[in-house]
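> To be precise about what I am sending: the file is called coords_2.cif and holds mmCIF, C-alpha atoms (C1' of nucleotides).
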data_my_file
loop_
_atom_site.label_atom_id
_atom_site.label_comp_id
_atom_site.auth_asym_id
_atom_site.auth_seq_id
_atom_site.Cartn_x
_atom_site.Cartn_y
_atom_site.Cartn_z
CA MET A 229 108.20 233.27 58.52
CA GLN A 230 106.43 232.11 55.39
CA PHE A 231 103.75 229.47 55.40
CA GLN A 232 102.61 228.22 52.04
CA LEU A 233 99.68 225.87 51.66
CA GLN A 234 100.13 223.33 48.90
CA ALA A 235 97.10 221.11 49.12
CA SER A 236 94.18 220.27 51.30
CA ASP A 237 92.08 217.18 51.75
CA GLY A 238 88.96 217.76 53.75
CA ARG A 239 90.17 220.00 56.54
CA ALA A 240 93.68 218.54 56.41
CA ARG A 241 96.41 220.60 54.82
CA ALA A 242 99.88 220.08 53.40
CA GLY A 243 102.26 222.98 53.09
CA LEU A 244 105.72 224.40 53.42
CA LEU A 245 106.96 226.41 56.36
CA ASP A 246 110.09 228.49 55.90
CA THR A 247 112.37 228.94 58.90
CA PRO A 248 115.81 230.51 59.20
CA HIS A 249 117.21 226.98 59.41
CA GLY A 250 115.38 225.56 56.42
CA THR A 251 112.01 224.76 54.93
CA VAL A 252 109.78 222.34 56.76
CA LYS A 253 107.17 220.17 55.10
CA THR A 254 103.83 220.17 56.85
CA PRO A 255 102.17 218.52 58.58
CA PHE A 256 105.12 217.62 60.77
CA PHE A 257 106.04 216.15 64.11
CA MET A 258 108.65 217.77 66.33
CA VAL A 259 110.92 215.47 68.24
CA VAL A 260 111.16 216.57 71.85
CA GLY A 261 114.62 217.45 73.10
CA THR A 262 113.69 219.37 76.20
CA ALA A 263 117.15 220.21 77.47
CA ALA A 264 118.71 220.60 74.04
CA SER A 265 118.97 216.86 73.72
CA VAL A 266 116.68 214.25 72.26
CA LYS A 267 117.12 211.53 74.83
CA GLY A 268 118.84 208.57 73.27
CA MET A 269 119.63 210.02 69.86
CA THR A 270 122.60 211.70 68.27
CA VAL A 271 122.05 214.47 65.74
CA ASP A 272 123.23 212.16 62.95
CA GLN A 273 120.54 209.74 64.01
CA LEU A 274 117.97 212.53 64.07
CA ARG A 275 118.88 213.40 60.50
CA ALA A 276 118.84 209.76 59.43
CA ALA A 277 115.31 209.51 60.84
CA LYS A 278 114.43 212.56 58.70
CA THR A 279 113.68 214.78 61.65
CA GLN A 280 112.53 218.20 60.55
CA VAL A 281 112.23 220.17 63.77
CA VAL A 282 113.54 219.66 67.28
CA LEU A 283 111.66 221.11 70.23
CA SER A 284 113.36 222.37 73.37
CA ASN A 285 112.19 224.10 76.48
CA THR A 286 112.63 227.59 77.87
CA TYR A 287 112.25 226.60 81.49
CA HIS A 288 114.77 223.78 81.36
CA LEU A 289 117.37 225.69 79.38
CA ALA A 290 116.91 228.76 81.59
CA VAL A 291 117.66 226.62 84.63
CA ARG A 292 120.59 224.90 82.93
CA PRO A 293 122.83 225.98 81.31
CA GLY A 294 121.15 229.41 81.32
CA PRO A 295 120.00 231.57 78.40
CA GLU A 296 123.27 233.47 78.06
CA ALA A 297 125.21 230.23 77.91
CA VAL A 298 123.09 229.00 75.02
CA ARG A 299 123.36 232.35 73.25
CA ASN A 300 127.12 232.43 73.73
CA ARG A 301 127.43 228.94 72.25
CA GLY A 302 125.75 230.18 69.09
CA GLY A 303 122.13 229.42 69.95
CA LEU A 304 120.21 226.21 70.41
CA ALA A 305 120.59 224.69 66.94
CA LYS A 306 124.34 225.15 66.89
CA PHE A 307 124.86 224.36 70.56
CA MET A 308 123.32 220.93 70.22
CA GLY A 309 124.99 220.26 66.89
CA TRP A 310 121.67 219.96 65.15
CA ASN A 311 121.88 223.08 63.03
CA GLY A 312 118.31 222.59 61.81
CA PRO A 313 114.95 224.11 62.61
CA THR A 314 113.98 224.37 66.26
CA LEU A 315 111.10 225.50 68.42
CA THR A 316 111.09 226.33 72.08
CA ASP A 317 108.17 225.90 74.37
CA SER A 318 107.76 228.80 76.74
CA GLY A 319 107.58 227.16 80.16
CA GLY A 320 103.79 227.27 80.09
CA PHE A 321 103.60 223.51 80.31
CA GLN A 322 105.69 223.60 83.48
CA VAL A 323 102.89 225.65 85.03
CA PHE A 324 101.00 222.37 84.75
CA SER A 325 103.71 219.76 85.25
CA LEU A 326 105.53 221.57 88.05
CA ALA A 327 102.36 222.85 89.69
CA LYS A 328 103.79 222.22 93.13
CA LYS A 329 106.88 224.27 92.45
CA ARG A 330 105.41 227.44 91.06
CA LYS A 331 103.15 230.35 91.84
CA VAL A 332 101.20 232.19 89.17
CA THR A 333 100.39 235.90 89.52
CA GLN A 334 99.24 238.51 87.05
CA GLU A 335 102.90 239.41 86.61
CA GLY A 336 104.20 235.94 85.72
CA VAL A 337 105.14 232.52 87.08
CA ARG A 338 107.58 232.15 89.92
CA PHE A 339 109.25 228.74 89.90
CA ASN A 340 111.47 227.13 92.43
CA ASN A 341 113.35 225.04 89.95
CA HIS A 342 113.44 221.28 90.23
CA ILE A 343 117.24 221.04 90.23
CA ASP A 344 118.38 223.19 93.14
CA GLY A 345 115.21 225.04 94.09
CA LYS A 346 116.58 228.39 92.95
CA GLU A 347 113.99 230.90 91.85
CA LEU A 348 113.14 231.39 88.20
CA PHE A 349 110.68 234.20 87.62
CA LEU A 350 109.15 233.83 84.20
CA THR A 351 107.18 236.86 83.08
CA PRO A 352 105.85 236.94 79.52
CA GLU A 353 108.59 239.43 78.66
CA ARG A 354 111.28 237.35 80.34
CA ALA A 355 110.06 234.18 78.59
CA VAL A 356 110.49 235.94 75.24
CA GLU A 357 113.90 237.32 76.21
CA ILE A 358 115.10 233.89 77.22
CA GLN A 359 113.78 232.40 74.00
CA GLN A 360 115.54 235.10 72.04
CA ASP A 361 118.76 234.12 73.75
CA ILE A 362 118.11 230.46 73.03
CA GLY A 363 117.42 231.44 69.45
CA ALA A 364 114.93 228.85 68.24
CA ASP A 365 113.20 229.56 64.94
CA ILE A 366 109.82 229.46 66.61
CA MET A 367 109.12 230.78 70.08
CA MET A 368 105.95 230.21 72.06
CA CYS A 369 104.05 232.71 74.15
CA LEU A 370 104.11 232.09 77.86
CA ASP A 371 100.72 230.62 78.72
CA VAL A 372 98.94 229.27 81.75
CA CYS A 373 98.19 225.62 81.25
CA PRO A 374 95.68 224.37 83.84
CA PRO A 375 94.65 220.74 84.32
CA ALA A 376 91.84 219.94 81.89
CA LYS A 377 89.43 219.04 84.64
CA ALA A 378 89.92 222.17 86.72
CA PRO A 379 86.76 224.13 87.55
CA ARG A 380 85.47 226.40 84.81
CA ASP A 381 86.37 229.44 86.86
CA ASP A 382 90.04 228.46 86.95
CA ILE A 383 90.03 227.61 83.26
CA GLN A 384 88.57 230.99 82.40
CA LYS A 385 91.04 232.87 84.61
CA SER A 386 93.94 230.93 83.10
CA MET A 387 92.67 231.71 79.63
CA LEU A 388 92.28 235.43 80.29
CA LEU A 389 95.73 235.58 81.85
CA THR A 390 97.11 233.70 78.85
CA HIS A 391 95.52 236.32 76.59
CA ASP A 392 97.07 239.15 78.55
CA TRP A 393 100.42 237.43 78.44
CA ALA A 394 100.11 236.77 74.71
CA LYS A 395 99.81 240.48 74.15
CA ARG A 396 102.77 241.19 76.41
CA CYS A 397 104.85 238.50 74.71
CA GLN A 398 104.01 239.93 71.35
CA ALA A 399 104.98 243.46 72.40
CA LYS A 400 108.29 242.21 73.72
CA TRP A 401 108.95 240.15 70.60
CA GLN A 402 108.15 243.06 68.27
CA GLU A 403 110.85 245.18 69.91
CA ASN A 404 113.36 242.92 68.24
CA PRO A 405 111.83 240.18 66.12
CA GLY A 406 114.95 239.14 64.25
CA GLY A 407 114.26 236.03 62.24
CA GLN A 408 112.32 234.34 64.98
CA ALA A 409 108.58 233.72 64.88
CA LEU A 410 106.31 233.87 67.90
CA PHE A 411 103.23 231.69 68.17
CA GLY A 412 100.17 232.37 70.30
CA ILE A 413 98.56 229.65 72.38
CA ALA A 414 94.82 229.18 72.79
CA GLN A 415 93.46 227.80 76.04
CA GLY A 416 89.95 227.04 77.30
CA ALA A 417 90.23 223.37 78.23
CA LEU A 418 87.03 221.45 77.45
CA PHE A 419 84.69 224.45 77.21
CA GLU A 420 83.83 225.22 73.63
CA ASP A 421 82.72 228.78 74.32
CA LEU A 422 86.04 229.50 76.01
CA ARG A 423 87.95 227.79 73.22
CA GLN A 424 86.14 229.95 70.73
CA GLU A 425 86.79 233.12 72.68
CA SER A 426 90.45 232.19 73.03
CA ALA A 427 90.94 231.35 69.36
CA GLU A 428 89.24 234.54 68.25
CA TYR A 429 91.17 236.73 70.63
CA LEU A 430 94.52 235.29 69.59
CA ALA A 431 93.63 235.53 65.92
CA SER A 432 92.99 239.23 66.46
CA LEU A 433 96.57 239.65 67.64
CA ASP A 434 97.90 238.31 64.35
CA PHE A 435 100.68 235.90 65.25
CA PRO A 436 102.77 234.05 62.66
CA GLY A 437 101.26 230.82 63.97
CA TYR A 438 98.80 229.50 66.53
CA ALA A 439 98.80 226.67 68.97
CA ILE A 440 96.10 224.71 70.70
CA GLY A 441 97.34 224.38 74.26
CA GLY A 442 95.86 222.84 77.35
CA VAL A 443 95.32 219.52 75.64
CA ALA A 444 96.40 216.11 76.91
CA VAL A 445 96.58 217.36 80.45
CA GLY A 446 94.30 214.85 82.12
CA GLU A 447 91.29 214.58 79.82
CA ASP A 448 90.03 211.52 77.96
CA THR A 449 90.71 210.84 74.29
CA PRO A 450 87.18 211.65 73.07
CA ASP A 451 87.47 215.05 74.73
CA ILE A 452 90.82 215.67 73.05
CA ARG A 453 89.27 214.86 69.69
CA ARG A 454 86.22 216.99 70.32
CA ILE A 455 88.19 220.06 71.36
CA VAL A 456 90.75 219.75 68.58
CA ASN A 457 88.01 219.34 66.00
CA PHE A 458 86.25 222.33 67.41
CA THR A 459 89.24 224.61 67.83
CA ALA A 460 91.47 223.98 64.82
CA PRO A 461 89.08 225.50 62.24
CA LEU A 462 88.77 228.62 64.41
CA LEU A 463 92.47 229.38 63.97
CA PRO A 464 93.46 231.44 60.91
CA ALA A 465 93.65 229.16 57.89
CA HIS A 466 96.69 230.82 56.32
CA LYS A 467 98.83 230.34 59.42
CA PRO A 468 100.36 227.15 60.79
CA ARG A 469 98.37 225.42 63.51
CA TYR A 470 100.19 223.61 66.26
CA LEU A 471 98.59 221.06 68.60
CA MET A 472 100.84 221.09 71.63
CA GLY A 473 101.91 217.88 73.32
CA VAL A 474 99.79 215.52 71.24
CA GLY A 475 99.99 212.64 71.10
CA THR A 476 99.37 209.02 70.25
CA PRO A 477 99.61 208.11 66.55
CA ALA A 478 95.80 208.00 66.46
CA ASP A 479 95.56 211.44 68.09
CA ILE A 480 97.93 212.84 65.49
CA ILE A 481 96.03 211.37 62.57
CA ALA A 482 92.85 212.85 64.00
CA GLY A 483 94.64 216.15 64.50
CA VAL A 484 95.82 216.25 60.90
CA GLN A 485 92.30 215.51 59.76
CA ALA A 486 91.09 218.40 61.89
CA GLY A 487 93.48 220.76 60.12
CA VAL A 488 96.48 220.79 62.43
CA ASP A 489 99.94 221.23 60.88
CA MET A 490 102.36 220.76 63.75
CA PHE A 491 102.67 218.30 66.61
CA ASP A 492 105.08 217.36 69.34
CA CYS A 493 105.01 214.73 72.03
CA VAL A 494 107.39 212.99 74.41
CA MET A 495 105.62 209.73 73.69
CA PRO A 496 107.96 208.23 71.09
CA THR A 497 111.08 208.95 73.14
CA ARG A 498 109.75 208.34 76.62
CA HIS A 499 107.91 205.17 75.70
CA ALA A 500 111.04 203.95 73.99
CA ARG A 501 112.96 204.24 77.22
CA HIS A 502 110.26 202.11 78.76
CA PHE A 503 110.64 199.60 75.92
CA GLN A 504 107.31 200.32 74.35
CA ALA A 505 107.54 200.42 70.57
CA PHE A 506 104.98 201.79 68.14
CA THR A 507 103.78 199.74 65.22
CA ARG A 508 100.96 200.03 62.71
CA GLU A 509 99.09 197.47 64.80
CA GLY A 510 99.50 199.47 68.00
CA PRO A 511 102.17 199.69 70.65
CA ILE A 512 104.03 196.62 71.85
CA ASN A 513 106.04 196.22 75.03
CA LEU A 514 109.32 194.67 74.00
CA LYS A 515 110.01 193.46 77.52
CA ASN A 516 107.13 191.01 77.26
CA ALA A 517 108.07 187.35 77.44
CA LYS A 518 106.26 186.64 74.19
CA PHE A 519 109.04 188.36 72.24
CA ALA A 520 111.81 186.17 73.65
CA GLU A 521 112.07 184.14 70.46
CA ASP A 522 110.76 186.69 68.00
CA ASP A 523 113.43 187.03 65.33
CA GLY A 524 111.48 189.60 63.36
CA PRO A 525 112.07 193.35 63.38
CA ILE A 526 110.04 195.61 65.66
CA GLU A 527 107.91 196.43 62.65
CA GLU A 528 107.91 194.64 59.35
CA GLY A 529 108.66 197.06 56.52
CA CYS A 530 110.03 199.83 58.73
CA ASP A 531 113.06 201.59 57.29
CA CYS A 532 114.65 202.64 60.60
CA GLU A 533 118.12 201.54 61.65
CA THR A 534 116.71 199.35 64.39
CA CYS A 535 114.40 197.40 62.13
CA ARG A 536 117.14 197.03 59.55
CA SER A 537 119.59 195.74 62.15
CA VAL A 538 118.17 193.87 65.10
CA SER A 539 115.31 191.63 66.16
CA ARG A 540 112.61 191.98 68.75
CA ALA A 541 114.23 189.12 70.66
CA TYR A 542 117.53 190.98 70.77
CA VAL A 543 115.99 194.24 71.94
CA ARG A 544 114.08 192.34 74.60
CA HIS A 545 117.32 190.73 75.72
CA LEU A 546 118.91 194.17 76.09
CA ALA A 547 115.80 195.53 77.77
CA LEU A 548 115.81 192.80 80.42
CA LEU A 549 119.40 193.66 81.22
CA ASN A 550 118.57 197.34 81.21
CA GLU A 551 121.25 197.94 78.66
CA LEU A 552 121.45 201.56 77.55
CA MET A 553 121.23 200.43 73.94
CA ALA A 554 117.81 198.86 74.46
CA SER A 555 116.35 202.32 74.95
CA VAL A 556 118.39 203.69 72.07
CA TRP A 557 117.25 201.01 69.64
CA VAL A 558 113.60 201.57 70.52
CA THR A 559 113.99 205.34 70.42
CA LEU A 560 115.44 205.14 66.94
CA HIS A 561 112.46 203.11 65.83
CA ASN A 562 109.76 205.13 67.58
CA VAL A 563 111.02 208.45 66.30
CA ARG A 564 111.25 207.14 62.79
CA PHE A 565 107.79 205.61 63.18
CA TYR A 566 106.31 209.00 64.06
CA LEU A 567 108.18 210.83 61.33
CA ARG A 568 107.27 208.26 58.75
CA LEU A 569 103.64 208.49 59.81
CA MET A 570 103.80 212.23 59.14
CA GLU A 571 105.44 211.68 55.77
CA LYS A 572 102.67 209.31 54.79
CA LEU A 573 99.94 211.63 56.02
CA ARG A 574 101.45 214.42 53.94
CA GLU A 575 101.68 212.21 50.87
CA ALA A 576 98.08 211.18 51.36
CA ILE A 577 96.93 214.79 51.61
CA LEU A 578 98.87 215.71 48.48
CA ALA A 579 97.27 212.74 46.73
CA GLY A 580 93.84 213.60 48.06
CA ARG A 581 93.34 210.22 49.69
CA LEU A 582 93.78 210.94 53.37
CA ALA A 583 90.59 209.25 54.48
CA GLU A 584 91.63 205.87 53.04
CA ALA A 585 95.24 206.25 54.12
CA ALA A 586 94.39 207.15 57.72
CA GLY A 587 92.88 203.75 58.36
CA GLU A 588 95.86 201.90 56.91
CA LEU A 589 98.56 203.89 58.67
CA TYR A 590 97.53 203.00 62.18
CA ARG A 591 95.09 200.20 62.75
CA VAL A 592 94.17 200.85 66.35
"C1'" G B 219 141.61 166.86 115.01
"C1'" G B 220 139.61 171.31 118.06
"C1'" G B 221 136.60 175.77 118.14
"C1'" A B 222 133.07 179.50 116.24
"C1'" A B 223 129.17 181.13 113.18
"C1'" G B 224 125.37 179.87 110.04
"C1'" A B 225 121.42 177.16 106.91
"C1'" U B 226 114.55 181.53 105.59
"C1'" G B 227 110.40 181.78 99.51
"C1'" C B 228 113.92 181.97 92.21
"C1'" C B 229 118.42 185.04 94.51
"C1'" C B 230 120.14 188.35 98.56
"C1'" G B 231 118.25 189.22 103.27
"C1'" A B 232 114.97 190.72 107.96
"C1'" G B 233 112.43 188.05 111.56
"C1'" U B 234 114.30 184.94 117.35
"C1'" G B 235 107.14 181.58 120.84
"C1'" G B 236 101.11 183.65 118.70
"C1'" C B 237 99.60 190.05 115.15
"C1'" C B 238 104.15 185.16 109.78
"C1'" A B 239 102.60 182.59 103.68
"C1'" A B 240 106.99 185.41 106.54
"C1'" A B 241 109.79 192.89 106.23
"C1'" G B 242 113.03 194.96 102.58
"C1'" G B 243 115.89 194.55 98.06
"C1'" G B 244 116.75 192.07 93.39
"C1'" A B 245 114.98 188.93 89.52
"C1'" A B 246 110.65 187.52 86.90
"C1'" C B 247 105.64 188.69 85.02
"C1'" A B 248 102.27 192.51 83.63
"C1'" G B 249 100.46 197.61 83.36
"C1'" A B 250 100.80 203.05 83.07
"C1'" C B 251 103.13 207.06 80.52
"C1'" U B 252 100.38 212.70 75.49
"C1'" G B 253 103.98 221.21 74.98
"C1'" U B 254 109.74 215.40 79.71
"C1'" A B 255 111.24 216.74 87.70
"C1'" A B 256 110.16 210.15 84.08
"C1'" A B 257 116.47 204.95 81.57
"C1'" U B 258 110.32 206.62 85.79
"C1'" C B 259 106.09 204.90 88.35
"C1'" U B 260 102.35 201.06 89.67
"C1'" G B 261 100.57 196.08 90.38
"C1'" U B 262 101.45 190.67 90.89
"C1'" C B 263 104.98 187.62 92.80
"C1'" G B 264 104.49 179.22 97.30
"C1'" G B 265 100.04 176.29 95.48
"C1'" G B 266 94.67 175.64 95.11
"C1'" C B 267 89.66 177.30 95.45
"C1'" C B 268 83.05 178.87 95.50
"C1'" C B 269 89.68 184.20 95.63
"C1'" C B 270 87.66 191.12 100.05
"C1'" G B 271 87.63 184.60 102.72
"C1'" C B 272 89.09 179.46 103.16
"C1'" C B 273 92.22 175.09 102.50
"C1'" C B 274 97.00 172.87 101.59
"C1'" U B 275 102.47 172.99 101.53
"C1'" A B 276 106.46 175.87 103.60
"C1'" C B 277 111.66 178.91 106.95
"C1'" G B 278 118.33 172.47 105.93
"C1'" A B 279 116.49 167.10 107.86
"C1'" U B 280 114.33 164.22 111.70
"C1'" G B 281 112.33 163.95 116.40
"C1'" G B 282 110.74 166.67 120.75
"C1'" U B 283 108.78 170.84 124.20
"C1'" U B 284 104.21 173.88 123.88
"C1'" C B 285 97.31 175.34 123.48
"C1'" G B 286 100.61 177.40 119.61
"C1'" A B 287 107.39 177.00 116.68
"C1'" A B 288 110.86 180.07 111.16
"C1'" U B 289 111.63 181.34 116.26
"C1'" C B 290 112.98 176.80 122.22
"C1'" C B 291 115.56 171.61 122.89
"C1'" A B 292 118.12 167.08 120.82
"C1'" U B 293 120.43 164.54 116.98
"C1'" C B 294 121.93 164.53 112.02
"C1'" U B 295 123.47 166.81 107.22
"C1'" C B 296 125.79 170.68 104.83
"C1'" U B 297 128.37 175.66 104.46
"C1'" U B 298 131.84 179.43 106.05
"C1'" C B 299 135.67 181.19 109.22
"C1'" C B 300 139.57 180.53 113.05
"C1'" C B 301 143.24 177.32 115.57
"C1'" A B 302 146.23 172.82 114.84
#
I need this file expressed as structure tokens, please.

Amino acid sequence: MQFQLQASDGRARAGLLDTPHGTVKTPFFMVVGTAASVKGMTVDQLRAAKTQVVLSNTYHLAVRPGPEAVRNRGGLAKFMGWNGPTLTDSGGFQVFSLAKKRKVTQEGVRFNNHIDGKELFLTPERAVEIQQDIGADIMMCLDVCPPAKAPRDDIQKSMLLTHDWAKRCQAKWQENPGGQALFGIAQGALFEDLRQESAEYLASLDFPGYAIGGVAVGEDTPDIRRIVNFTAPLLPAHKPRYLMGVGTPADIIAGVQAGVDMFDCVMPTRHARHFQAFTREGPINLKNAKFAEDDGPIEEGCDCETCRSVSRAYVRHLALLNELMASVWVTLHNVRFYLRLMEKLREAILAGRLAEAAGELYRV
RNA sequence: GGGAAGAUGCCCGAGUGGCCAAAGGGAACAGACUGUAAAUCUGUCGGGCCCCGCCCUACGAUGGUUCGAAUCCAUCUCUUCCCA
């Protein structure tokens, strides 16, 4: 995997990332399609929104339809009809989100899956194997993602285990790398010394890319900013940096300014299903009565299909009736909003005017 | 014409003497959501106020029984069903 830096502006960077499914312009936002589906969008719509990378999940695809099934259908990108660049998360986030359904040992994570309770034992090696079957362009190391406010002791143990697993993932991956890249994930929660230790250790392993994990798992926004600002520069400059699971448009702008190249978040798609739309002026809830007679688009000047086609009043009407299309219309807008934000951030970096642009892009 | 059942807050619907401004749904109104167990979850939801408490108005209408009634009695109005 080739990563070429084209320009920088402060600590922010713009570059090109080559994947087996095409070249990606950085910084970029990955649309989340956990189970090989971006909820509420067809692949044509993803392309129309200028999606670059779709993210899916090891845990979910391992549970259903199973890694072999995905492999036998030609791999994730083909299976879902997307045929573009993809990344799979390792299941590390489910250590956090499915805390009640798993048990972590030195060996790995034992899940009782959320569908039928059947056991899924994810070791670092198994997580890589599954991701090789799924066939995404970028795989993630299995990590241990603790809640941000866990005691320091737990954070440190999780970090050390994550380091051990990173090494094991890497060894497994190197047996048969193919065209896939494997990224390491730094942990350490809100402790700067641990963050530093984690970043340095992972850097020593020499991965094709590095992620900041354990963020947006219960901490406040200022803490997210602080840790991202602290950690991003510690990750190798010539490799892509990925801030996992973040975030709000403001978080992303701050992340780009801190030197992060890759983002993903469920926010645009999930919020859309809850009728919350993103705009330059901040999020709006389209179910609110005040939009009942609003004939304008969700966002003036937006080039998405929704804003070109229907009004706020219409989307609110659909939302009140819980029409499927209400969620679809907002999803189309929100995804395009995020992707367009990234396009503009990249343009600003290339033009060397990120600082001015940042304030205009999202006034919240 | 005869008989039966029933009328509860915006809607549906519990409640059958005090713990009832009245369960539970729905609607409406608002909020939350950050590597998706989420088309989910939470709050408000008769009115007013000096709003962790008090005062009004309320369970078809009117009158009555009772210390006390959505709950018991009488009459009336309306609805549904059955028989002619």
> Assuming the chain letters and numbering stay as they are in my file, what does the PyMOL selection byres ((chain B) within 6 of (chain A)) actually select? List them as a PyMOL selection string.
chain B and resi 252-253+255+257
> Care to translate the PyMOL selection byres ((chain B and resi 286) around 12) into actual residues of this file, as a PDB file with C-alpha atoms (C1' of nucleotides), keeping the file's coordinate frame?

ATOM      1  C1'   G B 235     107.140 181.580 120.840  1.00  0.00           C
ATOM      2  C1'   G B 236     101.110 183.650 118.700  1.00  0.00           C
ATOM      3  C1'   U B 283     108.780 170.840 124.200  1.00  0.00           C
ATOM      4  C1'   U B 284     104.210 173.880 123.880  1.00  0.00           C
ATOM      5  C1'   C B 285      97.310 175.340 123.480  1.00  0.00           C
ATOM      6  C1'   A B 287     107.390 177.000 116.680  1.00  0.00           C
TER       7        A B 287
END
> Please, which residues are within 10 Å of (109.9, 226.6, 56.9) by the file's coordinates, counting all atoms listed in the file, and could they come as number ranges by chain?
A: 229-232, 243-254, 280-281, 313, 365
> As an exercise, work out the distance from atom CA of A:Glu347 to atom C1' of B:C251 in Å and give it to one decimal place.
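Interatomic distance here is 28.5 Å.
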> I need the output of the PyMOL selection byres ((chain A and resi 337) around 9) for this file as a list in words; which residues are they?
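Output of the PyMOL selection byres ((chain A and resi 337) around 9): Gly320, Val323, Arg330, Lys331, Val332, Thr333, Gln334, Glu335, Gly336, Arg338, Phe339, Leu348, Phe349, Leu350, Thr351, Pro352 and Val372 of chain A.
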> Do you have the atom C1' of B:G282-atom C1' of B:G233 distance handy?
23.3 Å
> Quick one: of B:A256, B:A288, B:C229, B:C299, who's nearest to B:G243, counting only C-alpha atoms (C1' of nucleotides)?
B:C229
> Assuming 8 Å of padding per side, give the centre and edge lengths of the axis-aligned box around every listed atom of stretch 292-298 of chain B, in Å to one decimal and as AutoDock Vina command-line options.

--center_x 125.0 --center_y 172.0 --center_z 112.6 --size_x 29.7 --size_y 30.9 --size_z 32.4
> Check the smallest atom-to-atom distance from each of A:Arg469, A:Arg508, A:Arg396, A:Arg544 to A:Cys530 using all atoms listed in the file, then report the winner.
A:Arg508
> Please measure the separation of atom CA of A:Arg564 and atom CA of A:Phe458, giving the value in Å to one decimal.
29.6 Å
> Which polymer residues have any atom within 12 Å of an atom of B:U298, counting only C-alpha atoms (C1' of nucleotides), with same-chain residues fewer than 2 positions away left out, as a compact mmCIF listing (two decimals) with C-alpha atoms (C1' of nucleotides), keeping the file's coordinate frame?

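Okay, around-v4.txt is ready:
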# COMPACT_ATOMS: atom_id res chain seq x y z
C1' A B 222 133.07 179.50 116.24
C1' A B 223 129.17 181.13 113.18
C1' G B 224 125.37 179.87 110.04
C1' A B 225 121.42 177.16 106.91
C1' C B 296 125.79 170.68 104.83
C1' C B 300 139.57 180.53 113.05
> Would you list the contacts of B:G261 as number ranges by chain, taking every protein, DNA or RNA residue within 12 Å and counting all atoms listed in the file, but skipping same-chain residues closer than 3 positions in sequence?
B: 247-250
> As an mmCIF file with C-alpha atoms, in the coordinates of the input, please: the residues near A:Asp237 (cut-off 6 Å, only C-alpha atoms (C1' of nucleotides), same-chain neighbours under 3 positions excluded).

data_model
loop_
_atom_site.group_PDB
_atom_site.id
_atom_site.type_symbol
_atom_site.label_atom_id
_atom_site.label_comp_id
_atom_site.auth_asym_id
_atom_site.auth_seq_id
_atom_site.Cartn_x
_atom_site.Cartn_y
_atom_site.Cartn_z
ATOM 1 C CA ALA A 240 93.680 218.540 56.410
ATOM 2 C CA ILE A 577 96.930 214.790 51.610
ATOM 3 C CA GLY A 580 93.840 213.600 48.060
#
